[in-house]
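I have placed the structure first, in the form of structure tokens, so that the comments after it can refer back to it.
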Amino acid sequence: MSESLLIAEGSKSEKYETLLVQIEGVVGGESDEIANMANVSSMIHETFGFWWTGFYRVLDGELVLGPFQGPLACTRIKKGRGVCGTAWQQGVTQVVPDVEKFPGHIACSSASKSEIVVPLFKNGEVVAVLDIDSAELNTFDEEDRINLEKVAEILVRG
């Protein structure tokens, strides 16, 4: 991927607007979901500079670590556990301003302060989650939720 694909400046809205177009271009026509998750996690991570950006895939009844950018991560998460397991169980994006206040939060890293987890659906079932952690409190908002749900739709569509 060319450095020119990464968005370093502009408002959050402008970054998402450009990023969504770029993600469409990168994943369109590529059928390998792991390759697409790898590129998308890199693109989001480089664009926004989050602490951790990646995917967990539903495999054999649990979430299993997939492609990511950032420090070491939890490898497996049970349904309903932590922010990721809750997003999987409920099938709803979780926006968490302070992870310390989230019931049952799994502390893969003490540096993580806020988090957003977006479920990816195929045929009405959650097949993966996009998990993004920030080292700052209150990082994620409605704009992030809306745009990251669009990212999830693009990925599932391919």
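We label chains A, B, ... in the order they appear in the structure tokens, count residues from 1 in each chain, and number ligands from 1 in the order shown.
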Backbone DSSP call of strand (DSSP E) for stretch 4-138 of chain A, listed as a ChimeraX atom specification: /A:52-59,62-69,76-78,94-96,114-122,125-134
Contacts of A:Ile132 at 7 Å (only C-alpha atoms; same-chain gap of 4+ positions) as a list in words: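 These residues fall inside the cut-off: Trp52, Thr53, Gly54, Glu115, Ile116 and Val117 of chain A.
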Residues of stretch 60-131 of chain A that approach stretch 30-35 of chain A to 12 Å or less, counting only C-alpha atoms: could you list each one with the shortest pair of atoms and its distance in Å to one decimal, rows by chain and increasing residue number, as JSON lines?
```
{"residue": "A:Leu65", "atom": "CA", "partner": "A:Ile34", "partner_atom": "CA", "distance": 11.1}
{"residue": "A:Gly66", "atom": "CA", "partner": "A:Ile34", "partner_atom": "CA", "distance": 7.5}
{"residue": "A:Pro67", "atom": "CA", "partner": "A:Ile34", "partner_atom": "CA", "distance": 6.8}
{"residue": "A:Phe68", "atom": "CA", "partner": "A:Ile34", "partner_atom": "CA", "distance": 10.3}
{"residue": "A:Leu120", "atom": "CA", "partner": "A:Glu33", "partner_atom": "CA", "distance": 11.7}
{"residue": "A:Val127", "atom": "CA", "partner": "A:Glu33", "partner_atom": "CA", "distance": 11.0}
{"residue": "A:Ala128", "atom": "CA", "partner": "A:Glu33", "partner_atom": "CA", "distance": 10.5}
```
Atom pair atom CA of A:Lys150 / atom CA of A:Gly70: separation (Å):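 Atom CA of A:Gly70 lies at a distance of 22.3 Å from atom CA of A:Lys150.
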Residue nearest A:Asn147 among A:Cys84, A:Ala73, A:Val118, A:Val64 (counting only C-alpha atoms):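 Ranking A:Cys84, A:Ala73, A:Val118, A:Val64 by distance to A:Asn147, first place goes to A:Val118.
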